[in-house]
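Trainee: Input start_32.txt, format and content: compact mmCIF, N, CA, C and O atoms.
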```txt
# COMPACT_ATOMS: atom_id res chain seq x y z
N MET X 139 79.42 -21.00 -13.75
CA MET X 139 79.79 -20.18 -12.63
C MET X 139 78.76 -20.34 -11.50
O MET X 139 79.14 -20.50 -10.37
N PHE X 140 77.48 -20.25 -11.83
CA PHE X 140 76.42 -20.44 -10.85
C PHE X 140 75.67 -21.72 -11.17
O PHE X 140 75.51 -22.08 -12.33
N THR X 141 75.19 -22.36 -10.14
CA THR X 141 74.38 -23.56 -10.36
C THR X 141 72.97 -23.15 -10.77
O THR X 141 72.56 -22.00 -10.58
N THR X 142 72.24 -24.10 -11.31
CA THR X 142 70.86 -23.83 -11.72
C THR X 142 70.01 -23.41 -10.53
O THR X 142 69.19 -22.49 -10.64
N GLY X 143 70.23 -24.04 -9.40
CA GLY X 143 69.47 -23.70 -8.20
C GLY X 143 69.74 -22.27 -7.75
O GLY X 143 68.82 -21.55 -7.32
N GLN X 144 70.98 -21.83 -7.83
CA GLN X 144 71.32 -20.46 -7.45
C GLN X 144 70.67 -19.45 -8.39
O GLN X 144 70.20 -18.40 -7.94
N LEU X 145 70.65 -19.75 -9.67
CA LEU X 145 70.03 -18.85 -10.64
C LEU X 145 68.52 -18.76 -10.42
O LEU X 145 67.93 -17.68 -10.50
N ILE X 146 67.89 -19.90 -10.14
CA ILE X 146 66.46 -19.90 -9.88
C ILE X 146 66.17 -19.10 -8.60
O ILE X 146 65.24 -18.28 -8.56
N PHE X 147 66.96 -19.31 -7.57
CA PHE X 147 66.78 -18.56 -6.33
C PHE X 147 66.94 -17.07 -6.57
O PHE X 147 66.13 -16.26 -6.08
N ALA X 148 67.95 -16.67 -7.31
CA ALA X 148 68.18 -15.25 -7.58
C ALA X 148 67.01 -14.65 -8.34
O ALA X 148 66.54 -13.55 -8.03
N ALA X 149 66.51 -15.36 -9.33
CA ALA X 149 65.38 -14.85 -10.11
C ALA X 149 64.13 -14.71 -9.25
O ALA X 149 63.44 -13.68 -9.29
N LEU X 150 63.85 -15.72 -8.43
CA LEU X 150 62.68 -15.64 -7.55
C LEU X 150 62.84 -14.54 -6.51
O LEU X 150 61.88 -13.84 -6.18
N PHE X 151 64.03 -14.37 -6.01
CA PHE X 151 64.29 -13.32 -5.03
C PHE X 151 64.04 -11.94 -5.64
O PHE X 151 63.41 -11.09 -5.02
N VAL X 152 64.55 -11.72 -6.84
CA VAL X 152 64.37 -10.42 -7.50
C VAL X 152 62.88 -10.15 -7.74
O VAL X 152 62.39 -9.05 -7.47
N VAL X 153 62.16 -11.14 -8.24
CA VAL X 153 60.73 -10.97 -8.50
C VAL X 153 60.00 -10.66 -7.19
O VAL X 153 59.18 -9.73 -7.13
N ALA X 154 60.28 -11.42 -6.14
CA ALA X 154 59.61 -11.20 -4.86
C ALA X 154 59.98 -9.83 -4.27
O ALA X 154 59.10 -9.11 -3.77
N PHE X 155 61.23 -9.45 -4.36
CA PHE X 155 61.68 -8.18 -3.82
C PHE X 155 61.00 -7.01 -4.53
O PHE X 155 60.47 -6.10 -3.88
N VAL X 156 61.00 -7.03 -5.84
CA VAL X 156 60.38 -5.95 -6.61
C VAL X 156 58.88 -5.90 -6.33
O VAL X 156 58.31 -4.81 -6.18
N THR X 157 58.23 -7.04 -6.23
CA THR X 157 56.80 -7.08 -5.94
C THR X 157 56.51 -6.47 -4.57
O THR X 157 55.60 -5.63 -4.44
N ILE X 158 57.25 -6.86 -3.57
CA ILE X 158 57.03 -6.35 -2.22
C ILE X 158 57.31 -4.85 -2.14
O ILE X 158 56.55 -4.10 -1.53
N ILE X 159 58.39 -4.41 -2.76
CA ILE X 159 58.72 -2.98 -2.76
C ILE X 159 57.62 -2.18 -3.45
O ILE X 159 57.21 -1.10 -2.98
N THR X 160 57.09 -2.69 -4.55
CA THR X 160 56.02 -1.99 -5.26
C THR X 160 54.76 -1.90 -4.41
O THR X 160 54.13 -0.85 -4.33
N ILE X 161 54.39 -3.00 -3.77
CA ILE X 161 53.20 -3.01 -2.92
C ILE X 161 53.37 -2.03 -1.76
O ILE X 161 52.46 -1.25 -1.43
N MET X 162 54.53 -2.03 -1.12
CA MET X 162 54.76 -1.13 0.01
C MET X 162 54.77 0.34 -0.43
O MET X 162 54.27 1.22 0.28
N TYR X 163 55.32 0.61 -1.61
CA TYR X 163 55.34 1.98 -2.10
C TYR X 163 53.92 2.48 -2.35
O TYR X 163 53.57 3.60 -1.98
N ARG X 164 53.10 1.64 -2.98
CA ARG X 164 51.72 2.04 -3.24
C ARG X 164 50.95 2.25 -1.94
O ARG X 164 50.11 3.13 -1.85
N LYS X 165 51.25 1.44 -0.93
CA LYS X 165 50.58 1.58 0.37
C LYS X 165 50.98 2.90 1.04
O LYS X 165 50.16 3.54 1.70
N ASP X 166 52.23 3.31 0.90
CA ASP X 166 52.73 4.53 1.53
C ASP X 166 52.54 5.78 0.69
O ASP X 166 52.87 6.88 1.15
N LEU X 167 52.04 5.66 -0.52
CA LEU X 167 51.92 6.80 -1.42
C LEU X 167 51.14 7.98 -0.84
O LEU X 167 51.58 9.13 -0.96
N PRO X 168 50.00 7.75 -0.14
CA PRO X 168 49.30 8.91 0.46
C PRO X 168 50.16 9.66 1.48
O PRO X 168 50.11 10.89 1.57
N LEU X 169 50.96 8.93 2.25
CA LEU X 169 51.84 9.59 3.22
C LEU X 169 52.95 10.36 2.53
O LEU X 169 53.33 11.45 2.98
N HIS X 170 53.48 9.80 1.45
CA HIS X 170 54.52 10.51 0.70
C HIS X 170 53.99 11.82 0.15
O HIS X 170 54.67 12.84 0.19
N LYS X 171 52.76 11.79 -0.38
CA LYS X 171 52.17 13.00 -0.93
C LYS X 171 51.91 14.03 0.16
O LYS X 171 51.97 15.24 -0.08
N LEU X 172 51.65 13.57 1.38
CA LEU X 172 51.35 14.48 2.48
C LEU X 172 52.61 15.10 3.06
O LEU X 172 52.67 16.31 3.29
N TYR X 173 53.64 14.30 3.30
CA TYR X 173 54.82 14.77 4.03
C TYR X 173 56.01 15.17 3.16
O TYR X 173 56.92 15.82 3.64
N TYR X 174 56.04 14.74 1.92
CA TYR X 174 57.22 14.98 1.09
C TYR X 174 56.87 15.81 -0.14
O TYR X 174 57.18 15.45 -1.26
N LYS X 175 56.23 16.94 0.09
CA LYS X 175 55.88 17.83 -1.00
C LYS X 175 57.13 18.56 -1.49
O LYS X 175 58.01 18.91 -0.71
N ARG X 176 57.20 18.79 -2.77
CA ARG X 176 58.25 19.58 -3.41
C ARG X 176 59.66 19.04 -3.16
O ARG X 176 60.63 19.79 -3.11
N THR X 177 59.81 17.74 -3.03
CA THR X 177 61.15 17.17 -2.84
C THR X 177 61.98 17.25 -4.12
O THR X 177 63.20 17.10 -4.07
N TYR X 178 61.31 17.50 -5.25
CA TYR X 178 62.04 17.66 -6.50
C TYR X 178 62.98 18.85 -6.42
O TYR X 178 63.98 18.90 -7.14
N LEU X 179 62.71 19.79 -5.52
CA LEU X 179 63.60 20.95 -5.38
C LEU X 179 64.97 20.54 -4.83
O LEU X 179 65.99 21.12 -5.19
N VAL X 180 64.98 19.54 -3.98
CA VAL X 180 66.26 19.03 -3.45
C VAL X 180 67.06 18.41 -4.59
O VAL X 180 68.26 18.65 -4.72
N LEU X 181 66.40 17.63 -5.44
CA LEU X 181 67.08 17.04 -6.60
C LEU X 181 67.58 18.12 -7.54
O LEU X 181 68.71 18.05 -8.02
N LEU X 182 66.76 19.11 -7.78
CA LEU X 182 67.15 20.22 -8.65
C LEU X 182 68.37 20.96 -8.08
O LEU X 182 69.30 21.29 -8.82
N ALA X 183 68.38 21.20 -6.79
CA ALA X 183 69.51 21.88 -6.16
C ALA X 183 70.78 21.03 -6.27
O ALA X 183 71.86 21.56 -6.55
N PHE X 184 70.66 19.74 -6.04
CA PHE X 184 71.81 18.85 -6.14
C PHE X 184 72.38 18.83 -7.55
O PHE X 184 73.60 18.94 -7.75
N LEU X 185 71.50 18.69 -8.55
CA LEU X 185 71.96 18.67 -9.93
C LEU X 185 72.58 20.00 -10.33
O LEU X 185 73.57 20.04 -11.07
N SER X 186 72.02 21.09 -9.83
CA SER X 186 72.59 22.41 -10.11
C SER X 186 73.98 22.54 -9.50
O SER X 186 74.89 23.10 -10.11
N PHE X 187 74.16 22.02 -8.30
CA PHE X 187 75.46 22.07 -7.64
C PHE X 187 76.50 21.27 -8.43
O PHE X 187 77.62 21.74 -8.64
N VAL X 188 76.12 20.09 -8.88
CA VAL X 188 77.04 19.26 -9.67
C VAL X 188 77.38 19.96 -10.98
O VAL X 188 78.54 19.98 -11.42
N ALA X 189 76.38 20.56 -11.61
CA ALA X 189 76.62 21.30 -12.86
C ALA X 189 77.56 22.48 -12.60
O ALA X 189 78.45 22.76 -13.41
N LEU X 190 77.36 23.18 -11.50
CA LEU X 190 78.24 24.30 -11.15
C LEU X 190 79.68 23.83 -10.96
O LEU X 190 80.62 24.48 -11.45
N LEU X 191 79.87 22.72 -10.28
CA LEU X 191 81.21 22.18 -10.11
C LEU X 191 81.84 21.82 -11.46
O LEU X 191 83.03 22.08 -11.69
N PHE X 192 81.05 21.24 -12.36
CA PHE X 192 81.56 20.90 -13.68
C PHE X 192 81.95 22.15 -14.46
O PHE X 192 83.00 22.19 -15.10
N ILE X 193 81.12 23.18 -14.39
CA ILE X 193 81.41 24.43 -15.09
C ILE X 193 82.69 25.06 -14.54
O ILE X 193 83.54 25.53 -15.30
N ILE X 194 82.84 25.06 -13.23
CA ILE X 194 84.05 25.61 -12.61
C ILE X 194 85.28 24.83 -13.09
O ILE X 194 86.32 25.40 -13.41
N LYS X 195 85.14 23.51 -13.16
CA LYS X 195 86.26 22.68 -13.60
C LYS X 195 86.64 23.01 -15.04
O LYS X 195 87.83 23.13 -15.38
N VAL X 196 85.66 23.16 -15.91
CA VAL X 196 85.93 23.45 -17.32
C VAL X 196 86.55 24.84 -17.47
O VAL X 196 87.49 25.03 -18.23
N LEU X 197 86.04 25.82 -16.72
CA LEU X 197 86.55 27.18 -16.86
C LEU X 197 87.94 27.36 -16.29
O LEU X 197 88.68 28.25 -16.72
N THR X 198 88.30 26.55 -15.30
CA THR X 198 89.61 26.71 -14.68
C THR X 198 90.62 25.70 -15.22
O THR X 198 91.72 25.59 -14.69
N LYS X 199 90.26 25.00 -16.27
CA LYS X 199 91.15 24.01 -16.86
C LYS X 199 92.36 24.70 -17.48
O LYS X 199 92.24 25.69 -18.18
N ASP X 200 93.53 24.15 -17.20
CA ASP X 200 94.76 24.69 -17.75
C ASP X 200 94.90 24.26 -19.20
O ASP X 200 94.96 23.06 -19.51
N THR X 201 94.93 25.20 -20.12
CA THR X 201 94.98 24.87 -21.54
C THR X 201 96.40 24.66 -22.05
O THR X 201 96.60 24.19 -23.15
N VAL X 202 97.42 25.00 -21.26
CA VAL X 202 98.82 24.84 -21.68
C VAL X 202 99.23 23.41 -21.35
O VAL X 202 99.06 22.91 -20.25
N HIS X 203 99.83 22.74 -22.36
CA HIS X 203 100.25 21.35 -22.13
C HIS X 203 101.68 21.29 -21.75
O HIS X 203 102.62 21.58 -22.21
```
Take the structure in this file and express it as structure tokens.

Mentor:
Amino acid sequence: MFTTGQLIFAALFVVAFVTIITIMYRKDLPLHKLYYKRTYLVLLAFLSFVALLFIIKVLTKDTVH
């Protein structure tokens, strides 16, 4: 399906991309700690909202077939 050259390029691209993203994240880490405190609360709120929707769906499910 893919040529050997395409597979080599894809592998090198993934390695380079992950390396660059990791380096940039480590470089920006002090700024993230300064400006993005308590962002886990946003994740917690989102997961709670999804759980609430699931609970509502289960409770309002029609049991008659």

Trainee: Take atom C of Phe184 in chain X and CA of Pro168 in chain X and report the distance between them in Å, one decimal.

Mentor: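 Going from atom C of Phe184 in chain X over to CA of Pro168 in chain X covers 26.4 Å.
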
Trainee: Please give the complete set of residues from chain X that DSSP, run on the backbone, assigns to alpha helix (DSSP H), formatted as an MDAnalysis selection string.

Mentor: chainID X and resid 142:173 178:197

Trainee: Give me the residues of range 141-181 of chain X that have any atom at most 8 Å from an atom of range 186-202 of chain X; for each, the nearest atom pair and the distance in Å, rounded to one decimal. Use all atoms listed in the file, sort by chain and number, and format it as CSV.

Mentor:
```
residue,atom,partner,partner_atom,distance
X:Leu179,O,X:Ser186,N,7.6
X:Val180,O,X:Ser186,N,6.8
X:Leu181,O,X:Ser186,N,4.8
```

Trainee: Where atoms are absent from range 190-201 of chain X, fill them in so it carries all heavy atoms, then output it as a compact mmCIF listing (two decimals), keeping the file's coordinate frame.

Mentor:
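Here's the written file selection-v7.txt:
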```
# COMPACT_ATOMS: atom_id res chain seq x y z
N LEU X 190 77.36 23.18 -11.50
CA LEU X 190 78.24 24.30 -11.15
C LEU X 190 79.68 23.83 -10.96
O LEU X 190 80.62 24.48 -11.45
CB LEU X 190 77.74 25.00 -9.89
CG LEU X 190 78.57 26.16 -9.38
CD1 LEU X 190 78.52 27.32 -10.37
CD2 LEU X 190 78.09 26.61 -8.02
N LEU X 191 79.87 22.72 -10.28
CA LEU X 191 81.21 22.18 -10.11
C LEU X 191 81.84 21.82 -11.46
O LEU X 191 83.03 22.08 -11.69
CB LEU X 191 81.18 20.94 -9.22
CG LEU X 191 80.91 21.20 -7.74
CD1 LEU X 191 80.81 19.87 -7.00
CD2 LEU X 191 81.96 22.08 -7.13
N PHE X 192 81.05 21.24 -12.36
CA PHE X 192 81.56 20.90 -13.68
C PHE X 192 81.95 22.15 -14.46
O PHE X 192 83.00 22.19 -15.10
CB PHE X 192 80.51 20.09 -14.45
CG PHE X 192 80.95 19.68 -15.81
CD1 PHE X 192 81.88 18.66 -15.97
CD2 PHE X 192 80.47 20.33 -16.93
CE1 PHE X 192 82.29 18.27 -17.22
CE2 PHE X 192 80.88 19.96 -18.20
CZ PHE X 192 81.80 18.93 -18.35
N ILE X 193 81.12 23.18 -14.39
CA ILE X 193 81.41 24.43 -15.09
C ILE X 193 82.69 25.06 -14.54
O ILE X 193 83.54 25.53 -15.30
CB ILE X 193 80.21 25.40 -14.98
CG1 ILE X 193 79.05 24.87 -15.81
CG2 ILE X 193 80.59 26.80 -15.43
CD1 ILE X 193 77.74 25.58 -15.58
N ILE X 194 82.84 25.06 -13.23
CA ILE X 194 84.05 25.61 -12.61
C ILE X 194 85.28 24.83 -13.09
O ILE X 194 86.32 25.40 -13.41
CB ILE X 194 83.94 25.60 -11.08
CG1 ILE X 194 82.91 26.64 -10.63
CG2 ILE X 194 85.29 25.87 -10.42
CD1 ILE X 194 82.57 26.57 -9.16
N LYS X 195 85.14 23.51 -13.16
CA LYS X 195 86.26 22.68 -13.60
C LYS X 195 86.64 23.01 -15.04
O LYS X 195 87.83 23.13 -15.38
CB LYS X 195 85.89 21.20 -13.50
CG LYS X 195 86.97 20.28 -14.00
CD LYS X 195 86.52 18.85 -13.99
CE LYS X 195 87.61 18.00 -14.61
NZ LYS X 195 87.17 16.64 -14.88
N VAL X 196 85.66 23.16 -15.91
CA VAL X 196 85.93 23.45 -17.32
C VAL X 196 86.55 24.84 -17.47
O VAL X 196 87.49 25.03 -18.23
CB VAL X 196 84.62 23.34 -18.15
CG1 VAL X 196 84.81 23.90 -19.54
CG2 VAL X 196 84.16 21.89 -18.21
N LEU X 197 86.04 25.82 -16.72
CA LEU X 197 86.55 27.18 -16.86
C LEU X 197 87.94 27.36 -16.29
O LEU X 197 88.68 28.25 -16.72
CB LEU X 197 85.58 28.17 -16.20
CG LEU X 197 84.22 28.32 -16.90
CD1 LEU X 197 83.32 29.27 -16.10
CD2 LEU X 197 84.38 28.80 -18.32
N THR X 198 88.30 26.55 -15.30
CA THR X 198 89.61 26.71 -14.68
C THR X 198 90.62 25.70 -15.22
O THR X 198 91.72 25.59 -14.69
CB THR X 198 89.51 26.55 -13.16
OG1 THR X 198 88.99 25.27 -12.85
CG2 THR X 198 88.64 27.64 -12.56
N LYS X 199 90.26 25.00 -16.27
CA LYS X 199 91.15 24.01 -16.86
C LYS X 199 92.36 24.70 -17.48
O LYS X 199 92.24 25.69 -18.18
CB LYS X 199 90.39 23.22 -17.93
CG LYS X 199 91.18 22.10 -18.53
CD LYS X 199 90.31 21.34 -19.52
CE LYS X 199 91.12 20.25 -20.17
NZ LYS X 199 90.30 19.53 -21.16
N ASP X 200 93.53 24.15 -17.20
CA ASP X 200 94.76 24.69 -17.75
C ASP X 200 94.90 24.26 -19.20
O ASP X 200 94.96 23.06 -19.51
CB ASP X 200 95.95 24.20 -16.93
CG ASP X 200 97.26 24.86 -17.32
OD1 ASP X 200 97.20 25.90 -18.00
OD2 ASP X 200 98.31 24.34 -16.95
N THR X 201 94.93 25.20 -20.12
CA THR X 201 94.98 24.87 -21.54
C THR X 201 96.40 24.66 -22.05
O THR X 201 96.60 24.19 -23.15
CB THR X 201 94.31 25.98 -22.37
OG1 THR X 201 94.96 27.21 -22.10
CG2 THR X 201 92.84 26.07 -22.03
```
